[in-house]
Amino acid sequence: MYGFKPKYAKRSILLLAVLVIIIVAWYYLPRPFFIMLAATAAVLGMIAGFARNAWSQTGDDSRRPSQAGVVRQKRDRKSRSSRRVEVLHPEATVSLSEERREADIEEVFTSLDNQLVGLLPVKKKVEEIASLLLVDRVRHRFGLEAPRPNLHMCFTGEPGTGKTTVALQMADLLYRLGYLEKGHLVHAMRDDLVGEYIGHTAPKTKRILERAMGGVLFIDEAYYLYRPGDSKDYGQECIDILLQVMENDRDKLLVILAGYKDRMDVFFESNPGMHSRIAHHLDFAPYKLDELVAIGRAMLDRSAYYLSPDAEMAFREYLTLRMAQPRFANARSVRNELERARLRHAFRLAAEPELDRTRDDLMRLEEADILASPLFSLAESMSAVEESARRLQRPTAS
Ligand SMILES: Nc1ncnc2c1ncn2[C@@H]1O[C@H](COP(=O)(O)OP(=O)(O)O)[C@@H](O)[C@H]1O
Ligand SMILES: [Mg+2]
């Protein structure tokens, strides 16, 4: 569909080779033999053409070879259109739980619950979207056709609040429900989509769109696509292509825009066309201290570690300090710090190699493993500096 295609290059080379063979044969073969050979080749070519045409008309999409770059290769499920052909009798009954079981979506919700602490409004929205598609599937069984719902989405929230994780689960869910053909996710940012000179942007954007077809295109920090006031910027060209594809190919692709809420709002103000194509807005709230601690506990639990009671107190203190620091990234900061704590724990055990260690010793992170973070010493020196500054400012008694 877009840009240079190796398929067409191969065809041109093949045609050229055939032409060369015909010219060589015309010169070197006796004329009657050449005519007989050409007639046989033409008849065989016509038969092959007819057979191929008939095959492509009877075969369904799933028989065609898959595209390159597909992350998830589950090809056993049938797409929404080819799923069931027999229409149910109007008096027949169907239970949604049976349909849910058949679509095998319970696994996605279990995984969402296990992977993500809290995020209840987001999980509820995912449930709502699943219900819409589930009812759509059942209606389809009764022959009740409706246009495919628009599901382009916008995920807003601070870094590390679970946007990418939910997008991956969403891709899986929509694939299981037959909404997406492949269900893979292509992650893209401005640099993947927008070029730096004339004629560079369209092929770049189209290449990414082609990779994402059948799945989800997740555009992180989508507002960077648009640079108001920069006349040399090609972002608008990319946005125009996206708008067109979001409208015309919405049965093949789902677009999720992601980023900070306030910047996304400004982006939508300047790009109302984009706003009108987004059907669902999901807001990922920043985590509170208790949620961050619970996230840390769940992360450690999954890797068979845990915090001793003193370590948990220290970890709370660490998080309180870290939340006030620049570049705090919610659950990602929790994950990174716990990885560093695991490193300190291992180093602490390895420092006394002659000691016998129990299974519990290998699982338990101690207060020292948390307190060794440089953030505590940094906070101490900061408060010392603040204290001396305050003393200097204090008026002296005259
Ligand atoms: N609610 C949560 N519970 C547990 N882990 C979480 C939660 N939210 C995010 N994470 C973890 O934090 C990390 C960053 O999440 P991610 O989805 O990449 O965030 P974002 O895309 O919003 O920056 C991932 O390892 C993810 O599993
Ligand atoms: Mg992300």
# chains A, B, ... in the order shown; residues from 1 in each chain; ligands from 1
>>> residues_around(residues="segment 108-125 of chain A", least_positions_apart="3", cutoff="6 Å", atoms="only C-alpha atoms", output="list in words")
Ile105, Glu128 and Ile295 of chain A
>>> residues_near_ligand(ligand="ligand 2", cutoff="7 Å", atoms="only C-alpha atoms and all ligand atoms", output="VMD selection string")
chain A and resid 159 to 160 163 to 164 220
>>> residues_around(residues="Leu173 of chain A", least_positions_apart="5", cutoff="10 Å", atoms="only C-alpha atoms", output="number ranges by chain")
A: 103-109, 126, 129-130, 133, 167-168, 178-180, 183
>>> write_last_selection(atoms="C-alpha atoms", output="PDB file, in the first residue's frame")
ATOM      1  CA  ALA A 103     -13.716 -15.806  23.979  1.00  0.00           C
ATOM      2  CA  ASP A 104     -11.305 -16.837  26.760  1.00  0.00           C
ATOM      3  CA  ILE A 105     -11.041 -13.320  28.188  1.00  0.00           C
ATOM      4  CA  GLU A 106     -11.050 -14.263  31.869  1.00  0.00           C
ATOM      5  CA  GLU A 107      -7.307 -14.791  31.617  1.00  0.00           C
ATOM      6  CA  VAL A 108      -6.821 -11.132  30.606  1.00  0.00           C
ATOM      7  CA  PHE A 109      -8.775  -9.843  33.619  1.00  0.00           C
ATOM      8  CA  VAL A 126     -11.619  -2.045  30.370  1.00  0.00           C
ATOM      9  CA  ILE A 129     -15.229  -2.027  26.628  1.00  0.00           C
ATOM     10  CA  ALA A 130     -15.086  -5.827  26.932  1.00  0.00           C
ATOM     11  CA  LEU A 133     -17.654  -6.188  22.345  1.00  0.00           C
ATOM     12  CA  ALA A 167      -2.353  -1.031  26.478  1.00  0.00           C
ATOM     13  CA  LEU A 168      -0.711  -4.436  26.084  1.00  0.00           C
ATOM     14  CA  GLY A 178     -12.195 -10.764  17.586  1.00  0.00           C
ATOM     15  CA  TYR A 179     -11.925  -6.970  17.277  1.00  0.00           C
ATOM     16  CA  LEU A 180      -8.278  -7.089  16.180  1.00  0.00           C
ATOM     17  CA  GLY A 183      -3.442  -8.179  18.620  1.00  0.00           C
TER      18      GLY A 183
END
>>> select_by_dssp(residues="segment 162-313 of chain A", states="strand (DSSP E)", output="list of chain:residue names")
A:Leu185, A:Val186, A:His187, A:Ala188, A:Val216, A:Leu217, A:Phe218, A:Ile219, A:Asp220, A:Leu254, A:Val255, A:Ile256, A:Leu257, A:Ala258, A:Gly259, A:His280, A:His281, A:Leu282, A:Asp283, A:Phe284, A:Tyr306, A:Leu307
>>> residues_around(residues="Met246 of chain A", least_positions_apart="5", cutoff="10 Å", atoms="only C-alpha atoms", output="count of residues only")
13
>>> decode(residues="segment 249-377 of chain A", atoms="C-alpha atoms", output="PDB file, in the first residue's frame")
ATOM      1  CA  ASP A 249      -8.870   1.809   8.489  1.00  0.00           C
ATOM      2  CA  ARG A 250     -10.522   1.661  11.868  1.00  0.00           C
ATOM      3  CA  ASP A 251     -11.518  -1.948  11.215  1.00  0.00           C
ATOM      4  CA  LYS A 252      -7.841  -2.848  10.928  1.00  0.00           C
ATOM      5  CA  LEU A 253      -6.091  -0.747  13.532  1.00  0.00           C
ATOM      6  CA  LEU A 254      -6.581   0.715  16.990  1.00  0.00           C
ATOM      7  CA  VAL A 255      -4.687   3.869  17.945  1.00  0.00           C
ATOM      8  CA  ILE A 256      -3.898   4.703  21.573  1.00  0.00           C
ATOM      9  CA  LEU A 257      -2.439   8.143  22.299  1.00  0.00           C
ATOM     10  CA  ALA A 258      -0.649   8.483  25.620  1.00  0.00           C
ATOM     11  CA  GLY A 259       0.941  11.210  27.711  1.00  0.00           C
ATOM     12  CA  TYR A 260       0.509  13.776  30.492  1.00  0.00           C
ATOM     13  CA  LYS A 261      -3.111  14.946  30.839  1.00  0.00           C
ATOM     14  CA  ASP A 262      -2.534  18.724  30.678  1.00  0.00           C
ATOM     15  CA  ARG A 263      -0.303  18.504  27.582  1.00  0.00           C
ATOM     16  CA  MET A 264      -2.754  16.116  25.925  1.00  0.00           C
ATOM     17  CA  ASP A 265      -5.592  18.606  26.538  1.00  0.00           C
ATOM     18  CA  VAL A 266      -3.581  21.384  24.839  1.00  0.00           C
ATOM     19  CA  PHE A 267      -2.810  19.015  21.936  1.00  0.00           C
ATOM     20  CA  PHE A 268      -6.515  18.225  21.480  1.00  0.00           C
ATOM     21  CA  GLU A 269      -7.400  21.927  21.554  1.00  0.00           C
ATOM     22  CA  SER A 270      -5.100  22.495  18.587  1.00  0.00           C
ATOM     23  CA  ASN A 271      -6.170  19.252  16.897  1.00  0.00           C
ATOM     24  CA  PRO A 272      -9.945  18.933  17.288  1.00  0.00           C
ATOM     25  CA  GLY A 273      -9.999  16.339  14.476  1.00  0.00           C
ATOM     26  CA  MET A 274      -7.893  14.046  16.625  1.00  0.00           C
ATOM     27  CA  HIS A 275     -10.071  14.643  19.675  1.00  0.00           C
ATOM     28  CA  SER A 276     -13.211  13.722  17.766  1.00  0.00           C
ATOM     29  CA  ARG A 277     -11.717  10.394  16.698  1.00  0.00           C
ATOM     30  CA  ILE A 278     -10.915   9.311  20.259  1.00  0.00           C
ATOM     31  CA  ALA A 279     -13.771   7.285  21.696  1.00  0.00           C
ATOM     32  CA  HIS A 280     -12.394   6.506  25.166  1.00  0.00           C
ATOM     33  CA  HIS A 281     -10.311   8.604  27.539  1.00  0.00           C
ATOM     34  CA  LEU A 282      -8.700   6.694  30.411  1.00  0.00           C
ATOM     35  CA  ASP A 283      -7.028   8.677  33.144  1.00  0.00           C
ATOM     36  CA  PHE A 284      -4.292   6.972  35.165  1.00  0.00           C
ATOM     37  CA  ALA A 285      -4.084   8.761  38.512  1.00  0.00           C
ATOM     38  CA  PRO A 286      -0.682   9.086  40.224  1.00  0.00           C
ATOM     39  CA  TYR A 287      -0.245   6.512  42.985  1.00  0.00           C
ATOM     40  CA  LYS A 288      -0.512   7.443  46.639  1.00  0.00           C
ATOM     41  CA  LEU A 289       2.122   6.353  49.127  1.00  0.00           C
ATOM     42  CA  ASP A 290       0.133   3.328  50.346  1.00  0.00           C
ATOM     43  CA  GLU A 291      -0.483   2.189  46.778  1.00  0.00           C
ATOM     44  CA  LEU A 292       3.219   2.498  45.937  1.00  0.00           C
ATOM     45  CA  VAL A 293       4.094   0.371  48.977  1.00  0.00           C
ATOM     46  CA  ALA A 294       1.466  -2.207  47.933  1.00  0.00           C
ATOM     47  CA  ILE A 295       2.868  -2.194  44.370  1.00  0.00           C
ATOM     48  CA  GLY A 296       6.363  -2.791  45.765  1.00  0.00           C
ATOM     49  CA  ARG A 297       5.078  -5.646  47.938  1.00  0.00           C
ATOM     50  CA  ALA A 298       3.349  -7.253  44.927  1.00  0.00           C
ATOM     51  CA  MET A 299       6.463  -6.873  42.759  1.00  0.00           C
ATOM     52  CA  LEU A 300       8.641  -8.509  45.407  1.00  0.00           C
ATOM     53  CA  ASP A 301       6.089 -11.249  45.991  1.00  0.00           C
ATOM     54  CA  ARG A 302       6.203 -12.170  42.296  1.00  0.00           C
ATOM     55  CA  SER A 303       9.955 -12.664  42.550  1.00  0.00           C
ATOM     56  CA  ALA A 304       9.849 -14.501  45.913  1.00  0.00           C
ATOM     57  CA  TYR A 305      11.291 -11.656  47.988  1.00  0.00           C
ATOM     58  CA  TYR A 306       9.746  -9.693  50.841  1.00  0.00           C
ATOM     59  CA  LEU A 307      10.493  -6.698  53.065  1.00  0.00           C
ATOM     60  CA  SER A 308      11.081  -7.227  56.775  1.00  0.00           C
ATOM     61  CA  PRO A 309       8.815  -4.939  58.905  1.00  0.00           C
ATOM     62  CA  ASP A 310      11.729  -2.522  59.476  1.00  0.00           C
ATOM     63  CA  ALA A 311      12.610  -2.600  55.799  1.00  0.00           C
ATOM     64  CA  GLU A 312       9.022  -1.743  54.914  1.00  0.00           C
ATOM     65  CA  MET A 313       9.132   1.297  57.227  1.00  0.00           C
ATOM     66  CA  ALA A 314      12.399   2.378  55.599  1.00  0.00           C
ATOM     67  CA  PHE A 315      10.907   1.831  52.160  1.00  0.00           C
ATOM     68  CA  ARG A 316       7.969   4.099  53.043  1.00  0.00           C
ATOM     69  CA  GLU A 317      10.455   6.753  54.091  1.00  0.00           C
ATOM     70  CA  TYR A 318      12.399   6.257  50.881  1.00  0.00           C
ATOM     71  CA  LEU A 319       9.244   6.673  48.784  1.00  0.00           C
ATOM     72  CA  THR A 320       8.197   9.818  50.671  1.00  0.00           C
ATOM     73  CA  LEU A 321      11.541  11.388  49.799  1.00  0.00           C
ATOM     74  CA  ARG A 322      11.542  10.044  46.236  1.00  0.00           C
ATOM     75  CA  MET A 323       8.035  11.347  45.474  1.00  0.00           C
ATOM     76  CA  ALA A 324       9.274  14.900  46.095  1.00  0.00           C
ATOM     77  CA  GLN A 325      12.234  14.455  43.737  1.00  0.00           C
ATOM     78  CA  PRO A 326      12.300  15.354  40.040  1.00  0.00           C
ATOM     79  CA  ARG A 327      11.753  12.539  37.511  1.00  0.00           C
ATOM     80  CA  PHE A 328       9.747  10.474  39.970  1.00  0.00           C
ATOM     81  CA  ALA A 329       8.056   7.786  37.864  1.00  0.00           C
ATOM     82  CA  ASN A 330       5.490   6.124  40.160  1.00  0.00           C
ATOM     83  CA  ALA A 331       5.538   2.313  39.882  1.00  0.00           C
ATOM     84  CA  ARG A 332       8.628   2.390  37.655  1.00  0.00           C
ATOM     85  CA  SER A 333      10.577   4.162  40.422  1.00  0.00           C
ATOM     86  CA  VAL A 334       9.350   1.504  42.860  1.00  0.00           C
ATOM     87  CA  ARG A 335      10.548  -1.266  40.553  1.00  0.00           C
ATOM     88  CA  ASN A 336      13.939   0.377  40.005  1.00  0.00           C
ATOM     89  CA  GLU A 337      14.567   0.946  43.706  1.00  0.00           C
ATOM     90  CA  LEU A 338      13.593  -2.606  44.610  1.00  0.00           C
ATOM     91  CA  GLU A 339      15.999  -3.890  41.977  1.00  0.00           C
ATOM     92  CA  ARG A 340      18.756  -1.838  43.601  1.00  0.00           C
ATOM     93  CA  ALA A 341      17.716  -3.173  47.028  1.00  0.00           C
ATOM     94  CA  ARG A 342      18.013  -6.731  45.709  1.00  0.00           C
ATOM     95  CA  LEU A 343      21.521  -5.888  44.549  1.00  0.00           C
ATOM     96  CA  ARG A 344      22.469  -4.575  48.012  1.00  0.00           C
ATOM     97  CA  HIS A 345      20.885  -7.623  49.663  1.00  0.00           C
ATOM     98  CA  ALA A 346      22.952  -9.956  47.444  1.00  0.00           C
ATOM     99  CA  PHE A 347      26.094  -7.950  48.102  1.00  0.00           C
ATOM    100  CA  ARG A 348      25.437  -8.020  51.859  1.00  0.00           C
ATOM    101  CA  LEU A 349      25.081 -11.825  51.826  1.00  0.00           C
ATOM    102  CA  ALA A 350      28.095 -12.259  49.570  1.00  0.00           C
ATOM    103  CA  ALA A 351      30.207 -10.123  51.926  1.00  0.00           C
ATOM    104  CA  GLU A 352      30.057 -12.957  54.505  1.00  0.00           C
ATOM    105  CA  PRO A 353      30.309 -16.022  52.301  1.00  0.00           C
ATOM    106  CA  GLU A 354      31.199 -18.418  55.132  1.00  0.00           C
ATOM    107  CA  LEU A 355      27.851 -17.956  56.930  1.00  0.00           C
ATOM    108  CA  ASP A 356      25.067 -20.553  56.450  1.00  0.00           C
ATOM    109  CA  ARG A 357      21.973 -18.980  54.879  1.00  0.00           C
ATOM    110  CA  THR A 358      18.398 -20.175  55.143  1.00  0.00           C
ATOM    111  CA  ARG A 359      15.728 -19.960  52.442  1.00  0.00           C
ATOM    112  CA  ASP A 360      14.232 -17.038  54.374  1.00  0.00           C
ATOM    113  CA  ASP A 361      17.584 -15.202  54.389  1.00  0.00           C
ATOM    114  CA  LEU A 362      17.584 -15.401  50.615  1.00  0.00           C
ATOM    115  CA  MET A 363      14.084 -13.922  50.389  1.00  0.00           C
ATOM    116  CA  ARG A 364      14.126 -11.203  53.070  1.00  0.00           C
ATOM    117  CA  LEU A 365      15.245  -7.637  52.324  1.00  0.00           C
ATOM    118  CA  GLU A 366      16.433  -5.866  55.459  1.00  0.00           C
ATOM    119  CA  GLU A 367      16.247  -2.241  56.579  1.00  0.00           C
ATOM    120  CA  ALA A 368      19.962  -1.831  55.712  1.00  0.00           C
ATOM    121  CA  ASP A 369      19.255  -2.794  52.080  1.00  0.00           C
ATOM    122  CA  ILE A 370      16.885   0.161  51.804  1.00  0.00           C
ATOM    123  CA  LEU A 371      18.711   2.687  53.979  1.00  0.00           C
ATOM    124  CA  ALA A 372      21.880   2.301  51.897  1.00  0.00           C
ATOM    125  CA  SER A 373      20.182   4.285  49.129  1.00  0.00           C
ATOM    126  CA  PRO A 374      22.115   7.516  48.400  1.00  0.00           C
ATOM    127  CA  LEU A 375      18.801   9.356  48.573  1.00  0.00           C
ATOM    128  CA  PHE A 376      18.887   9.233  52.400  1.00  0.00           C
ATOM    129  CA  SER A 377      22.351  10.789  52.632  1.00  0.00           C
TER     130      SER A 377
END
